[in-house]
Amino acid sequence: MTDADIAEVDAILMAAHLVQSSYATILARNFHLTPDCWWVLEREGKTIGVVGATDFGPFAHIGLMAIHPSAQSGGTGSLLLQHALDELDKRGFESITLYSTDAGLGFYPRHGFVWQGISTEWQLRKRKAHSRDYRVSVCADFARIVAVDRGVFGGERGALLAALEGEAPGRMLIAEDAEGAIVGFVVAQPKVLGPFMALSRQAAADLLDAALDFEFDGAPRVALPDAHADAESLMAEAGFVPVRTSRYFIRGKAPRQRRDLMYGQAAYSLG
């Protein structure tokens, strides 16, 4: 895939996912994070599919895979995915992760993926009052944040954090303890809260409350990791309600992550 493919790929994503809103901004950002891990499928000179992955160091995360509805037959999806997996294997990733709708429950296991659990997306319905304990402030010191995040996420997200800060400056918050150590952070994207991690439930609650002071494009959403009952109860207490689910798959050994300390994904396409 190249920059010249973005407009055509955007149209494929919109058609495949049955939406009217463009993926162009998200697509361009994700593509530029790891441009050598994106591929398009062509038939008779016309692009009919796309798949891309983000390189996080020890593992890669596949996102935004789609085949145009007019070409979803004859094994086109399997052909495209297998090509991507072969290329990622050559790069030596220990594992490859992705999120999928229920439609992928039969498809991805045929390519070596194992279903790990169900992740739930929550949306704010009515904000509830909260009393903060930690000091929460705006921060763009990626080095400090990445040092804490690396031990939780299990990969390197410095480039992603810089990209998100560039898209919406001043919306990255950190929580600090009495000694000034970072105990959590959240990126309040215009529509989504994430990446979002915290070393304690109180820190997560304080960051969530502070993030809700920003203005959002519609009701803000949070995509929680799978099997995170503590985060789900926190969202319920803050006035969020579950709106949809996705399935989390892994190929290879599981990344070394502390998913129990993750309170929000950057996006399903970014892990």
# chains A, B, ... in the order shown; residues from 1 in each chain; ligands from 1

$ select_by_dssp --residues "segment 38-98 of chain A" --states "strand (DSSP E or B)" --output "PyMOL selection string"
chain A and resi 38-43+46-55+59-67+95-98

$ closest_residue --among "A:Val114, A:Gly63, A:Leu33, A:Ala53" --to "Leu13 of chain A" --atoms "only C-alpha atoms"
A:Gly63

$ residues_around --residues "Leu224 of chain A" --least-positions-apart "4" --cutoff "12 Å" --atoms "only C-alpha atoms" --output "mmCIF file with C-alpha atoms, in the first residue's frame"
data_model
loop_
_atom_site.group_PDB
_atom_site.id
_atom_site.type_symbol
_atom_site.label_atom_id
_atom_site.label_comp_id
_atom_site.auth_asym_id
_atom_site.auth_seq_id
_atom_site.Cartn_x
_atom_site.Cartn_y
_atom_site.Cartn_z
ATOM 1 C CA TYR A 99 -10.178 -7.476 17.229
ATOM 2 C CA GLY A 117 -12.180 -13.072 25.073
ATOM 3 C CA ILE A 118 -14.809 -10.429 24.493
ATOM 4 C CA SER A 119 -14.037 -6.720 24.726
ATOM 5 C CA THR A 120 -16.845 -4.264 25.399
ATOM 6 C CA GLU A 121 -17.262 -0.703 24.177
ATOM 7 C CA TRP A 122 -18.949 1.701 26.600
ATOM 8 C CA GLN A 123 -20.497 5.107 25.893
ATOM 9 C CA VAL A 192 -12.711 7.967 22.225
ATOM 10 C CA LEU A 193 -10.897 7.822 25.577
ATOM 11 C CA GLY A 194 -7.712 5.896 24.919
ATOM 12 C CA PRO A 195 -5.015 4.778 25.207
ATOM 13 C CA PHE A 196 -5.939 4.685 28.893
ATOM 14 C CA MET A 197 -3.975 2.850 31.587
ATOM 15 C CA HIS A 228 -11.787 -6.516 32.898
ATOM 16 C CA ALA A 229 -14.604 -6.505 35.457
ATOM 17 C CA ASP A 230 -12.975 -3.724 37.494
ATOM 18 C CA ALA A 231 -12.940 -1.377 34.495
ATOM 19 C CA GLU A 232 -16.520 -2.273 33.625
ATOM 20 C CA SER A 233 -17.734 -1.448 37.133
ATOM 21 C CA LEU A 234 -15.795 1.823 36.994
ATOM 22 C CA MET A 235 -17.483 2.803 33.725
ATOM 23 C CA PHE A 240 -21.277 4.842 30.922
ATOM 24 C CA VAL A 241 -23.329 2.025 29.383
ATOM 25 C CA PRO A 242 -22.177 -0.896 27.175
ATOM 26 C CA VAL A 243 -23.061 -0.462 23.501
ATOM 27 C CA ARG A 244 -21.250 -3.206 21.556
ATOM 28 C CA THR A 245 -18.710 -5.995 21.818
ATOM 29 C CA SER A 246 -15.713 -7.251 19.838
ATOM 30 C CA ARG A 247 -13.699 -10.462 20.039
ATOM 31 C CA TYR A 248 -9.981 -10.423 20.839
ATOM 32 C CA ARG A 259 -4.471 -6.022 30.582
ATOM 33 C CA ASP A 260 -5.864 -5.680 34.094
ATOM 34 C CA LEU A 261 -4.288 -2.191 34.182
ATOM 35 C CA MET A 262 -5.692 -1.127 30.802
ATOM 36 C CA TYR A 263 -8.859 0.942 31.014
ATOM 37 C CA GLY A 264 -9.249 1.882 27.370
ATOM 38 C CA GLN A 265 -7.883 0.974 23.926
ATOM 39 C CA ALA A 266 -6.585 3.589 21.480
ATOM 40 C CA ALA A 267 -8.927 1.994 18.924
ATOM 41 C CA TYR A 268 -9.826 -1.549 17.944
ATOM 42 C CA GLY A 271 -4.992 -2.554 20.066
#

$ residues_around --residues "segment 126-132 of chain A" --least-positions-apart "2" --cutoff "10 Å" --atoms "only C-alpha atoms" --output "list in words"
Gln123, Leu124, Tyr134, Arg135, Val136, Gln202, Ala203, Ala205, Asp206, Leu207, Leu208, Asp209, Ala210, Leu212, Ala219, Ala236, Glu237, Ala238, Gly239, Phe240 and Val241 of chain A

$ closest_residue --among "A:Arg29, A:Gly45, A:His68, A:Arg125" --to "Glu165 of chain A" --atoms "only C-alpha atoms"
A:Arg29
